[in-house]
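Novice: This is the structure, below, for whatever I ask next.
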Amino acid sequence: MIVSRRRPDPTGFPRLLFLVNAAVPALLLAWDTLNNRLGSNPQEYLIRTTGMLTLILLVVTLSISPLVKISGQPAIMKVRRLAGLGTFFYGSLHALSYAWFDKDLNLPLIVTDLLRRPFIFLGMFAFVLLLPLAATSTKAMVSRLGGRRWKMLHRAIYASAIAGAIHYYLLVRADKQLPLAFGAAILLLLLWRGRAWSRRIGAV
Amino acid sequence: MLIRKPDDIPSSEITDEKLYLNRRNFIRGGVLVGTAAATTLLYRRLAVPAGSSAPPSSEVTTRLTSELGETATSYEDITTYNNFYEFSTSKDGVASRSSNFVTRPWTIEVTGMVNRPRTFDLDELLRRGVEERVYRFRCVEAWSMVIPWLGVPLGRLLDEVEPLGSASFVAFQTLLDPARMPNQRTAVLDWPYVEGLRLDEARHPLTLLSTGLYGRQLLPQNGAPVRLVVPWKYGFKSIKSIVRIELTDRQPRTTWSDYAPDEYGFYSNVNPEVAHPRWSQSRERRIGEWGMRDTRPFNGYADQVASLYQGMDLRRYY
């Protein structure tokens, strides 16, 4: 006898789990802001924390494919889009808080900063690269672009990650441990892909 | 391997679907709550705001509206938002990691090109009395404070040791003791921290050897028990926890310009026109204020100190 069992969406839970956990820092940050618990230099704290969260989400996003391959759990792939959108979300907060708190949303000031300071330029470059990726994240956009072109476009995240890592390295005054750790993680994740690609090409 | 035929399992033993789904939902709910709690804890551990979120205590802060016509920064902010790499490279870690720093007994050796080299005991120095000076303090990282320091003008100490006519610079050195300053075990900077001034800068009446702030003794995070304060220069020139002062005829090496000579010069006078290579110095965030302020040449002390640098190209001697 065939048991017809209407299963609740089997992919929904990993997404929900990811969404809730990715939202936790944003909620706590909002809570701390409302309660005036951001320390002596709240503006700097908001800029720095949203930047760190962007990098963390970026590393998580880049880890999804390797994790799927290594663990053999395709369900993990279900959260990749959310991870990318999370990166974009925190990246937007980061860019906005910089433009607002550091530059008073003053466009000429921001442009001068972009032209004069390589780390600002790289950060903005990394963020702008994420814009088309976020815009084409829907299923409709994937089919409109076609899987191949969509994939090509979304490789821009690799450039964004490299720019983001250098951006962080350049802005730290002395203690470079953390920027180097992020850089190493991103490099490792990119090298892993390079190895996978070269194997595939070798196999052809 | 034992594979039971379906008819081995009486239908009465099959878990009811509703129960099965309920149990799954229950577990999932637990996983959601559990991971969210873990993420919360992790975030709280990693993202610690630097400095104080507490409202300023009326006890020490309201007493003082600054003689500068600018409000003094709260005692809470001054004592919790600190750069002191000997203890930690993160501002939020300095106060806690330095709280057990023992500052007695403490002596300052003054030596080099002087007629009467001597070692000052700190308590003896304090007994002569200290005066209050309310100064702006501008960090090279583009934040600033207004701080009511207590201390003695450095020039008075220098007069006592009688610098030789050939002396033209003063070199300062922080304590080197990794057991008491734990971050000296790392190689973030080349320890001990050293700084230097031209002799005329050191003798300028604004230059202070500070032992306290807000009418109290300095706390370790602020450079206890004795530190330099040079209000027209970036904060890192105001070296902390000084144990040695040497007069010399050569420009002394200084820690930050050793570390990155193109970013931190020997002079490091506050100058909105000369950007740090990686960020602008034209504006600053005064701790406790929302918007940014314009940074002033020599941190607002130009009328008192600009003459020290007459004829010098301040872009070259940054």
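Scheme for the structure tokens: letters A, B, ... for chains in order shown; per-chain residue numbers from 1; ligand numbers from 1 in order shown.
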If you run DSSP on the backbone, which residues of range 63-308 of chain B are helix (DSSP H, G or I), as a PDB file with N, CA, C and O atoms, in the first residue's frame?
Specialist:
ATOM      1  N   TYR B  75      33.570  61.175  33.190  1.00  0.00           N
ATOM      2  CA  TYR B  75      34.581  60.340  33.831  1.00  0.00           C
ATOM      3  C   TYR B  75      34.434  58.892  33.360  1.00  0.00           C
ATOM      4  O   TYR B  75      35.422  58.206  33.125  1.00  0.00           O
ATOM      5  N   GLU B  76      33.183  58.448  33.197  1.00  0.00           N
ATOM      6  CA  GLU B  76      32.933  57.073  32.758  1.00  0.00           C
ATOM      7  C   GLU B  76      33.536  56.825  31.370  1.00  0.00           C
ATOM      8  O   GLU B  76      34.165  55.794  31.139  1.00  0.00           O
ATOM      9  N   ASP B  77      33.330  57.771  30.465  1.00  0.00           N
ATOM     10  CA  ASP B  77      33.880  57.589  29.121  1.00  0.00           C
ATOM     11  C   ASP B  77      35.410  57.620  29.140  1.00  0.00           C
ATOM     12  O   ASP B  77      36.068  56.807  28.498  1.00  0.00           O
ATOM     13  N   ILE B  78      35.959  58.568  29.888  1.00  0.00           N
ATOM     14  CA  ILE B  78      37.418  58.707  29.918  1.00  0.00           C
ATOM     15  C   ILE B  78      38.081  57.453  30.479  1.00  0.00           C
ATOM     16  O   ILE B  78      39.157  57.056  30.055  1.00  0.00           O
ATOM     17  N   LYS B  91      39.756  48.553  22.719  1.00  0.00           N
ATOM     18  CA  LYS B  91      39.455  49.577  23.721  1.00  0.00           C
ATOM     19  C   LYS B  91      38.617  49.034  24.861  1.00  0.00           C
ATOM     20  O   LYS B  91      38.724  49.491  25.988  1.00  0.00           O
ATOM     21  N   ASP B  92      37.772  48.054  24.552  1.00  0.00           N
ATOM     22  CA  ASP B  92      36.900  47.539  25.599  1.00  0.00           C
ATOM     23  C   ASP B  92      37.646  46.637  26.578  1.00  0.00           C
ATOM     24  O   ASP B  92      37.137  46.299  27.627  1.00  0.00           O
ATOM     25  N   GLY B  93      38.876  46.231  26.222  1.00  0.00           N
ATOM     26  CA  GLY B  93      39.583  45.287  27.085  1.00  0.00           C
ATOM     27  C   GLY B  93      40.567  45.930  28.041  1.00  0.00           C
ATOM     28  O   GLY B  93      41.038  45.288  28.974  1.00  0.00           O
ATOM     29  N   VAL B  94      40.877  47.221  27.828  1.00  0.00           N
ATOM     30  CA  VAL B  94      41.967  47.830  28.586  1.00  0.00           C
ATOM     31  C   VAL B  94      41.625  47.954  30.068  1.00  0.00           C
ATOM     32  O   VAL B  94      42.392  47.517  30.933  1.00  0.00           O
ATOM     33  N   ALA B  95      40.463  48.511  30.373  1.00  0.00           N
ATOM     34  CA  ALA B  95      40.129  48.776  31.778  1.00  0.00           C
ATOM     35  C   ALA B  95      40.124  47.487  32.595  1.00  0.00           C
ATOM     36  O   ALA B  95      40.702  47.431  33.687  1.00  0.00           O
ATOM     37  N   SER B  96      39.506  46.433  32.054  1.00  0.00           N
ATOM     38  CA  SER B  96      39.437  45.196  32.838  1.00  0.00           C
ATOM     39  C   SER B  96      40.804  44.530  32.954  1.00  0.00           C
ATOM     40  O   SER B  96      41.152  44.000  34.010  1.00  0.00           O
ATOM     41  N   ARG B  97      41.587  44.546  31.892  1.00  0.00           N
ATOM     42  CA  ARG B  97      42.869  43.833  31.938  1.00  0.00           C
ATOM     43  C   ARG B  97      43.946  44.599  32.701  1.00  0.00           C
ATOM     44  O   ARG B  97      45.001  44.067  32.981  1.00  0.00           O
ATOM     45  N   LEU B 122      57.626  58.934  42.864  1.00  0.00           N
ATOM     46  CA  LEU B 122      56.347  59.513  42.465  1.00  0.00           C
ATOM     47  C   LEU B 122      55.629  60.206  43.625  1.00  0.00           C
ATOM     48  O   LEU B 122      55.100  61.308  43.470  1.00  0.00           O
ATOM     49  N   ASP B 123      55.607  59.557  44.781  1.00  0.00           N
ATOM     50  CA  ASP B 123      54.882  60.142  45.911  1.00  0.00           C
ATOM     51  C   ASP B 123      55.501  61.468  46.349  1.00  0.00           C
ATOM     52  O   ASP B 123      54.796  62.402  46.730  1.00  0.00           O
ATOM     53  N   GLU B 124      56.826  61.514  46.260  1.00  0.00           N
ATOM     54  CA  GLU B 124      57.512  62.753  46.607  1.00  0.00           C
ATOM     55  C   GLU B 124      57.124  63.865  45.619  1.00  0.00           C
ATOM     56  O   GLU B 124      56.888  65.010  45.997  1.00  0.00           O
ATOM     57  N   LEU B 125      57.026  63.464  44.348  1.00  0.00           N
ATOM     58  CA  LEU B 125      56.621  64.411  43.307  1.00  0.00           C
ATOM     59  C   LEU B 125      55.208  64.928  43.580  1.00  0.00           C
ATOM     60  O   LEU B 125      54.912  66.120  43.463  1.00  0.00           O
ATOM     61  N   LEU B 126      54.332  64.003  43.983  1.00  0.00           N
ATOM     62  CA  LEU B 126      52.935  64.359  44.228  1.00  0.00           C
ATOM     63  C   LEU B 126      52.802  65.313  45.406  1.00  0.00           C
ATOM     64  O   LEU B 126      51.926  66.178  45.416  1.00  0.00           O
ATOM     65  N   ARG B 127      53.685  65.143  46.407  1.00  0.00           N
ATOM     66  CA  ARG B 127      53.573  65.978  47.603  1.00  0.00           C
ATOM     67  C   ARG B 127      53.802  67.455  47.307  1.00  0.00           C
ATOM     68  O   ARG B 127      53.407  68.310  48.069  1.00  0.00           O
ATOM     69  N   LEU B 154      55.843  69.659  32.837  1.00  0.00           N
ATOM     70  CA  LEU B 154      57.076  68.896  32.669  1.00  0.00           C
ATOM     71  C   LEU B 154      58.298  69.802  32.784  1.00  0.00           C
ATOM     72  O   LEU B 154      59.338  69.405  33.310  1.00  0.00           O
ATOM     73  N   GLY B 155      58.150  71.049  32.311  1.00  0.00           N
ATOM     74  CA  GLY B 155      59.263  71.986  32.336  1.00  0.00           C
ATOM     75  C   GLY B 155      59.850  72.169  33.725  1.00  0.00           C
ATOM     76  O   GLY B 155      61.060  72.317  33.890  1.00  0.00           O
ATOM     77  N   ARG B 156      59.000  72.120  34.751  1.00  0.00           N
ATOM     78  CA  ARG B 156      59.479  72.321  36.113  1.00  0.00           C
ATOM     79  C   ARG B 156      60.426  71.190  36.525  1.00  0.00           C
ATOM     80  O   ARG B 156      61.464  71.416  37.148  1.00  0.00           O
ATOM     81  N   LEU B 157      60.066  69.975  36.133  1.00  0.00           N
ATOM     82  CA  LEU B 157      60.914  68.817  36.427  1.00  0.00           C
ATOM     83  C   LEU B 157      62.243  68.938  35.680  1.00  0.00           C
ATOM     84  O   LEU B 157      63.314  68.654  36.229  1.00  0.00           O
ATOM     85  N   LEU B 158      62.156  69.375  34.431  1.00  0.00           N
ATOM     86  CA  LEU B 158      63.368  69.490  33.610  1.00  0.00           C
ATOM     87  C   LEU B 158      64.298  70.562  34.184  1.00  0.00           C
ATOM     88  O   LEU B 158      65.516  70.400  34.183  1.00  0.00           O
ATOM     89  N   ASP B 159      63.716  71.650  34.687  1.00  0.00           N
ATOM     90  CA  ASP B 159      64.542  72.702  35.292  1.00  0.00           C
ATOM     91  C   ASP B 159      65.378  72.129  36.434  1.00  0.00           C
ATOM     92  O   ASP B 159      66.540  72.496  36.619  1.00  0.00           O
ATOM     93  N   GLU B 160      64.781  71.225  37.197  1.00  0.00           N
ATOM     94  CA  GLU B 160      65.482  70.681  38.367  1.00  0.00           C
ATOM     95  C   GLU B 160      66.698  69.852  37.994  1.00  0.00           C
ATOM     96  O   GLU B 160      67.649  69.774  38.763  1.00  0.00           O
ATOM     97  N   VAL B 161      66.671  69.214  36.814  1.00  0.00           N
ATOM     98  CA  VAL B 161      67.822  68.380  36.443  1.00  0.00           C
ATOM     99  C   VAL B 161      68.838  69.166  35.610  1.00  0.00           C
ATOM    100  O   VAL B 161      69.892  68.643  35.284  1.00  0.00           O
ATOM    101  N   PRO B 182      50.367  42.558  30.431  1.00  0.00           N
ATOM    102  CA  PRO B 182      50.341  41.248  29.760  1.00  0.00           C
ATOM    103  C   PRO B 182      50.478  41.303  28.235  1.00  0.00           C
ATOM    104  O   PRO B 182      51.020  40.387  27.639  1.00  0.00           O
ATOM    105  N   ASN B 183      49.974  42.363  27.622  1.00  0.00           N
ATOM    106  CA  ASN B 183      50.026  42.362  26.159  1.00  0.00           C
ATOM    107  C   ASN B 183      51.428  42.646  25.611  1.00  0.00           C
ATOM    108  O   ASN B 183      51.659  42.557  24.408  1.00  0.00           O
ATOM    109  N   GLN B 184      52.369  42.945  26.538  1.00  0.00           N
ATOM    110  CA  GLN B 184      53.760  43.070  26.104  1.00  0.00           C
ATOM    111  C   GLN B 184      54.346  41.711  25.740  1.00  0.00           C
ATOM    112  O   GLN B 184      55.435  41.630  25.188  1.00  0.00           O
ATOM    113  N   ARG B 185      53.611  40.650  26.044  1.00  0.00           N
ATOM    114  CA  ARG B 185      54.071  39.317  25.621  1.00  0.00           C
ATOM    115  C   ARG B 185      53.829  39.116  24.127  1.00  0.00           C
ATOM    116  O   ARG B 185      54.390  38.210  23.535  1.00  0.00           O
ATOM    117  N   LEU B 199      63.147  69.592  22.877  1.00  0.00           N
ATOM    118  CA  LEU B 199      63.248  70.162  24.230  1.00  0.00           C
ATOM    119  C   LEU B 199      62.325  71.364  24.410  1.00  0.00           C
ATOM    120  O   LEU B 199      61.698  71.528  25.462  1.00  0.00           O
ATOM    121  N   ASP B 200      62.205  72.214  23.344  1.00  0.00           N
ATOM    122  CA  ASP B 200      61.323  73.379  23.514  1.00  0.00           C
ATOM    123  C   ASP B 200      59.858  72.973  23.620  1.00  0.00           C
ATOM    124  O   ASP B 200      59.064  73.632  24.304  1.00  0.00           O
ATOM    125  N   GLU B 201      59.475  71.870  22.977  1.00  0.00           N
ATOM    126  CA  GLU B 201      58.107  71.360  23.130  1.00  0.00           C
ATOM    127  C   GLU B 201      57.915  70.841  24.558  1.00  0.00           C
ATOM    128  O   GLU B 201      56.875  71.078  25.185  1.00  0.00           O
ATOM    129  N   ALA B 202      58.931  70.132  25.045  1.00  0.00           N
ATOM    130  CA  ALA B 202      58.830  69.549  26.383  1.00  0.00           C
ATOM    131  C   ALA B 202      58.743  70.635  27.447  1.00  0.00           C
ATOM    132  O   ALA B 202      58.094  70.459  28.478  1.00  0.00           O
ATOM    133  N   PRO B 220      44.811  52.854  36.014  1.00  0.00           N
ATOM    134  CA  PRO B 220      45.792  52.219  35.120  1.00  0.00           C
ATOM    135  C   PRO B 220      45.480  52.433  33.640  1.00  0.00           C
ATOM    136  O   PRO B 220      46.382  52.691  32.837  1.00  0.00           O
ATOM    137  N   GLN B 221      44.207  52.344  33.260  1.00  0.00           N
ATOM    138  CA  GLN B 221      43.867  52.444  31.845  1.00  0.00           C
ATOM    139  C   GLN B 221      44.182  53.819  31.257  1.00  0.00           C
ATOM    140  O   GLN B 221      44.288  53.985  30.048  1.00  0.00           O
ATOM    141  N   ASN B 222      44.334  54.821  32.116  1.00  0.00           N
ATOM    142  CA  ASN B 222      44.656  56.158  31.639  1.00  0.00           C
ATOM    143  C   ASN B 222      46.149  56.471  31.735  1.00  0.00           C
ATOM    144  O   ASN B 222      46.557  57.607  31.490  1.00  0.00           O
ATOM    145  N   GLY B 235      47.045  61.846  20.396  1.00  0.00           N
ATOM    146  CA  GLY B 235      47.091  61.224  21.712  1.00  0.00           C
ATOM    147  C   GLY B 235      48.257  60.274  21.940  1.00  0.00           C
ATOM    148  O   GLY B 235      48.764  60.179  23.055  1.00  0.00           O
ATOM    149  N   PHE B 236      48.692  59.566  20.885  1.00  0.00           N
ATOM    150  CA  PHE B 236      49.737  58.559  21.119  1.00  0.00           C
ATOM    151  C   PHE B 236      51.062  59.179  21.527  1.00  0.00           C
ATOM    152  O   PHE B 236      51.945  58.473  22.040  1.00  0.00           O
ATOM    153  N   LYS B 237      51.225  60.526  21.310  1.00  0.00           N
ATOM    154  CA  LYS B 237      52.448  61.181  21.774  1.00  0.00           C
ATOM    155  C   LYS B 237      52.454  61.277  23.301  1.00  0.00           C
ATOM    156  O   LYS B 237      53.521  61.392  23.914  1.00  0.00           O
ATOM    157  N   THR B 255      57.790  54.920  19.042  1.00  0.00           N
ATOM    158  CA  THR B 255      57.215  53.608  18.723  1.00  0.00           C
ATOM    159  C   THR B 255      56.375  53.610  17.448  1.00  0.00           C
ATOM    160  O   THR B 255      56.576  52.784  16.567  1.00  0.00           O
ATOM    161  N   TRP B 256      55.432  54.571  17.352  1.00  0.00           N
ATOM    162  CA  TRP B 256      54.523  54.500  16.208  1.00  0.00           C
ATOM    163  C   TRP B 256      55.193  54.881  14.906  1.00  0.00           C
ATOM    164  O   TRP B 256      54.860  54.337  13.851  1.00  0.00           O
ATOM    165  N   SER B 257      56.171  55.799  14.944  1.00  0.00           N
ATOM    166  CA  SER B 257      56.814  56.093  13.662  1.00  0.00           C
ATOM    167  C   SER B 257      57.805  55.001  13.283  1.00  0.00           C
ATOM    168  O   SER B 257      58.100  54.822  12.104  1.00  0.00           O
ATOM    169  N   ASP B 258      58.280  54.230  14.270  1.00  0.00           N
ATOM    170  CA  ASP B 258      59.036  53.023  13.926  1.00  0.00           C
ATOM    171  C   ASP B 258      58.126  52.014  13.238  1.00  0.00           C
ATOM    172  O   ASP B 258      58.506  51.363  12.281  1.00  0.00           O
ATOM    173  N   TYR B 259      56.926  51.904  13.762  1.00  0.00           N
ATOM    174  CA  TYR B 259      55.993  50.889  13.264  1.00  0.00           C
ATOM    175  C   TYR B 259      55.528  51.209  11.844  1.00  0.00           C
ATOM    176  O   TYR B 259      55.482  50.328  10.994  1.00  0.00           O
ATOM    177  N   PRO B 297      43.584  73.312  13.811  1.00  0.00           N
ATOM    178  CA  PRO B 297      45.036  73.198  13.761  1.00  0.00           C
ATOM    179  C   PRO B 297      45.610  73.211  15.179  1.00  0.00           C
ATOM    180  O   PRO B 297      45.150  73.980  16.028  1.00  0.00           O
ATOM    181  N   PHE B 298      46.574  72.353  15.421  1.00  0.00           N
ATOM    182  CA  PHE B 298      47.181  72.197  16.749  1.00  0.00           C
ATOM    183  C   PHE B 298      46.114  71.966  17.817  1.00  0.00           C
ATOM    184  O   PHE B 298      46.255  72.375  18.965  1.00  0.00           O
ATOM    185  N   ASN B 299      45.021  71.328  17.412  1.00  0.00           N
ATOM    186  CA  ASN B 299      43.952  70.971  18.341  1.00  0.00           C
ATOM    187  C   ASN B 299      43.382  72.187  19.068  1.00  0.00           C
ATOM    188  O   ASN B 299      42.928  72.072  20.206  1.00  0.00           O
ATOM    189  N   GLY B 300      43.435  73.342  18.418  1.00  0.00           N
ATOM    190  CA  GLY B 300      42.884  74.555  19.031  1.00  0.00           C
ATOM    191  C   GLY B 300      43.886  75.319  19.874  1.00  0.00           C
ATOM    192  O   GLY B 300      43.534  76.315  20.506  1.00  0.00           O
ATOM    193  N   ALA B 302      46.750  76.636  18.585  1.00  0.00           N
ATOM    194  CA  ALA B 302      47.678  77.250  17.629  1.00  0.00           C
ATOM    195  C   ALA B 302      48.270  78.551  18.169  1.00  0.00           C
ATOM    196  O   ALA B 302      49.475  78.804  18.033  1.00  0.00           O
ATOM    197  N   ASP B 303      47.427  79.376  18.819  1.00  0.00           N
ATOM    198  CA  ASP B 303      47.951  80.676  19.282  1.00  0.00           C
ATOM    199  C   ASP B 303      49.049  80.499  20.333  1.00  0.00           C
ATOM    200  O   ASP B 303      49.855  81.406  20.549  1.00  0.00           O
ATOM    201  N   GLN B 304      49.078  79.344  20.985  1.00  0.00           N
ATOM    202  CA  GLN B 304      50.116  79.135  21.999  1.00  0.00           C
ATOM    203  C   GLN B 304      51.323  78.356  21.494  1.00  0.00           C
ATOM    204  O   GLN B 304      52.406  78.465  22.059  1.00  0.00           O
ATOM    205  N   VAL B 305      51.139  77.529  20.468  1.00  0.00           N
ATOM    206  CA  VAL B 305      52.251  76.661  20.079  1.00  0.00           C
ATOM    207  C   VAL B 305      52.718  76.793  18.631  1.00  0.00           C
ATOM    208  O   VAL B 305      53.794  76.299  18.284  1.00  0.00           O
ATOM    209  N   ALA B 306      51.930  77.471  17.777  1.00  0.00           N
ATOM    210  CA  ALA B 306      52.300  77.509  16.356  1.00  0.00           C
ATOM    211  C   ALA B 306      53.694  78.101  16.164  1.00  0.00           C
ATOM    212  O   ALA B 306      54.433  77.697  15.260  1.00  0.00           O
ATOM    213  N   SER B 307      54.080  79.047  17.040  1.00  0.00           N
ATOM    214  CA  SER B 307      55.380  79.696  16.886  1.00  0.00           C
ATOM    215  C   SER B 307      56.544  78.716  17.024  1.00  0.00           C
ATOM    216  O   SER B 307      57.643  78.974  16.540  1.00  0.00           O
ATOM    217  N   LEU B 308      56.283  77.567  17.694  1.00  0.00           N
ATOM    218  CA  LEU B 308      57.349  76.565  17.824  1.00  0.00           C
ATOM    219  C   LEU B 308      57.760  76.004  16.466  1.00  0.00           C
ATOM    220  O   LEU B 308      58.840  75.436  16.327  1.00  0.00           O
TER     221      LEU B 308
END
Novice: Set the distance at 10 Å and use only C-alpha atoms: which residues neighbour Glu141 in chain B once local chain neighbours fewer than 6 positions away are removed? I'd like the list as a compact mmCIF listing (two decimals) with N, CA, C and O atoms, in the first residue's frame.
Specialist:
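Result went into result30.txt, see below:
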# COMPACT_ATOMS: atom_id res chain seq x y z
N ARG A 173 44.72 49.42 12.67
CA ARG A 173 45.91 50.21 12.94
C ARG A 173 47.13 49.33 13.20
O ARG A 173 48.19 49.56 12.63
N TYR B 234 48.66 64.47 18.57
CA TYR B 234 47.80 63.30 18.63
C TYR B 234 48.08 62.51 19.91
O TYR B 234 49.21 62.49 20.41
N GLY B 235 47.05 61.85 20.40
CA GLY B 235 47.09 61.22 21.71
C GLY B 235 48.26 60.27 21.94
O GLY B 235 48.76 60.18 23.05
N PHE B 236 48.69 59.57 20.89
CA PHE B 236 49.74 58.56 21.12
C PHE B 236 51.06 59.18 21.53
O PHE B 236 51.94 58.47 22.04
N HIS B 276 45.96 61.40 7.63
CA HIS B 276 46.62 60.11 7.80
C HIS B 276 46.48 59.41 6.44
O HIS B 276 45.49 59.59 5.76
N TRP B 279 43.10 57.61 6.50
CA TRP B 279 41.83 58.27 6.82
C TRP B 279 42.05 59.77 6.96
O TRP B 279 43.17 60.24 7.11
N SER B 280 40.95 60.49 6.91
CA SER B 280 41.02 61.95 6.97
C SER B 280 41.22 62.40 8.41
O SER B 280 40.78 61.76 9.36
N GLN B 281 41.90 63.52 8.60
CA GLN B 281 42.03 64.11 9.94
C GLN B 281 41.26 65.42 10.03
O GLN B 281 41.43 66.17 10.98
N GLU B 284 36.48 65.23 13.57
CA GLU B 284 36.65 64.29 14.68
C GLU B 284 35.31 64.06 15.36
O GLU B 284 34.40 64.89 15.27
N ARG B 285 35.18 62.94 16.02
CA ARG B 285 33.99 62.67 16.79
C ARG B 285 34.31 62.90 18.26
O ARG B 285 35.11 62.19 18.86
Novice: Between chain B and chain A, at 7 Å or less, what are the per-residue closest atom pairs and their distances in Å? Count only C-alpha atoms, order by chain and rising residue number, and return it as JSON lines.
Specialist:
{"residue": "B:Leu32", "atom": "CA", "partner": "A:Leu17", "partner_atom": "CA", "distance": 5.9}
{"residue": "B:Thr35", "atom": "CA", "partner": "A:Asn21", "partner_atom": "CA", "distance": 6.9}
{"residue": "B:Ala36", "atom": "CA", "partner": "A:Asn21", "partner_atom": "CA", "distance": 5.3}
{"residue": "B:Thr39", "atom": "CA", "partner": "A:Asn21", "partner_atom": "CA", "distance": 6.4}
{"residue": "B:Thr40", "atom": "CA", "partner": "A:Val24", "partner_atom": "CA", "distance": 6.4}
{"residue": "B:Tyr43", "atom": "CA", "partner": "A:Pro25", "partner_atom": "CA", "distance": 6.5}
{"residue": "B:Ala47", "atom": "CA", "partner": "A:Thr49", "partner_atom": "CA", "distance": 7.0}
{"residue": "B:Pro49", "atom": "CA", "partner": "A:Gly39", "partner_atom": "CA", "distance": 4.8}
{"residue": "B:Ala50", "atom": "CA", "partner": "A:Gly39", "partner_atom": "CA", "distance": 5.2}
{"residue": "B:Gly51", "atom": "CA", "partner": "A:Ser40", "partner_atom": "CA", "distance": 4.6}
{"residue": "B:Ser52", "atom": "CA", "partner": "A:Gly39", "partner_atom": "CA", "distance": 4.8}
{"residue": "B:Ser53", "atom": "CA", "partner": "A:Gly39", "partner_atom": "CA", "distance": 4.6}
{"residue": "B:Asp77", "atom": "CA", "partner": "A:Ser40", "partner_atom": "CA", "distance": 5.7}
{"residue": "B:Tyr81", "atom": "CA", "partner": "A:Ser40", "partner_atom": "CA", "distance": 6.4}
{"residue": "B:Thr89", "atom": "CA", "partner": "A:Asp175", "partner_atom": "CA", "distance": 6.6}
{"residue": "B:Val188", "atom": "CA", "partner": "A:Asp175", "partner_atom": "CA", "distance": 5.9}
{"residue": "B:Arg278", "atom": "CA", "partner": "A:Arg117", "partner_atom": "CA", "distance": 5.7}
{"residue": "B:Trp279", "atom": "CA", "partner": "A:Arg117", "partner_atom": "CA", "distance": 6.5}
{"residue": "B:Ile287", "atom": "CA", "partner": "A:Asn41", "partner_atom": "CA", "distance": 6.0}
{"residue": "B:Gly288", "atom": "CA", "partner": "A:Ser40", "partner_atom": "CA", "distance": 6.8}
Novice: Restricting the calculation to only C-alpha atoms, which member of A:Val59, A:Leu109, A:Ile162, A:Val142 is positioned closest to Leu129 in chain A?
Specialist: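 Looking only at the distances to Leu129 in chain A, the closest residue turns out to be A:Ile162.
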Novice: Near Arg286 in chain B, within 9 Å and counting only C-alpha atoms, which residues show up once chain neighbours fewer than 2 positions away are dropped, as a list in words?
Specialist: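 Listing them by chain and then by number gives Asn41 of chain A; Thr73, Arg138, Ala142, Trp143, Ser144, Met145, Val146, Glu284, Gly288, Glu289, Trp290, Gly291, Met292 and Arg293 of chain B.
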Novice: Pick from B:Val274, B:Pro105, B:Ser12, B:Tyr301: nearest to Asp313 in chain B, with only C-alpha atoms counted?
Specialist: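 Closest candidate: B:Val274.
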Novice: Find the residues near range 143-156 of chain A: any atom within 8 Å, counting only C-alpha atoms, skip ones fewer than 6 places away on the same chain, and give them as a ChimeraX atom specification.
Specialist: /A:129-130,133,136
Novice: What would the file look like if the residues just selected were written as a PDB file, in the first residue's frame with C-alpha atoms?
Specialist:
ATOM      1  CA  LEU A 129      29.243  44.123  -6.346  1.00  0.00           C
ATOM      2  CA  LEU A 130      26.634  42.635  -4.027  1.00  0.00           C
ATOM      3  CA  LEU A 133      23.531  39.658  -6.800  1.00  0.00           C
ATOM      4  CA  THR A 136      18.900  38.634  -9.047  1.00  0.00           C
TER       5      THR A 136
END
Novice: So how many Å separate CA of Thr211 in chain B and CA of Val152 in chain B, to one decimal?
Specialist: 8.1 Å
Novice: Record the distance separating CA of Asn271 in chain B and CA of Trp191 in chain B, expressed in Å with one decimal.
Specialist: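 Taking CA of Asn271 in chain B as the start and CA of Trp191 in chain B as the end point, the length is 27.4 Å.
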Novice: Work out how far apart CA of Pro74 in chain A and CA of Arg193 in chain A are and give it in Å to one decimal.
Specialist: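 According to the coordinates, CA of Pro74 in chain A and CA of Arg193 in chain A are separated by 17.2 Å.
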Novice: Applying 7 Å and only C-alpha atoms, which residues near Pro153 in chain B remain after dropping the ones on its own chain fewer than 3 positions away? List them as a PyMOL selection string.
Specialist: chain B and resi 156+205+207-209
Novice: Just the residues within 12 Å of Ala75 in chain A, please, counting only C-alpha atoms, with nothing from its chain fewer than 3 positions along; format it as an MDAnalysis selection string.
Specialist: chainID A and resid 10:15 18 64:65 67:69 71:72 78:80
Novice: Between B:Asp262, B:Glu162, B:Glu86, B:Glu273, single out the one closest to Gly112 in chain B, counting only C-alpha atoms.
Specialist: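 The closest residue to Gly112 in chain B is B:Glu162.
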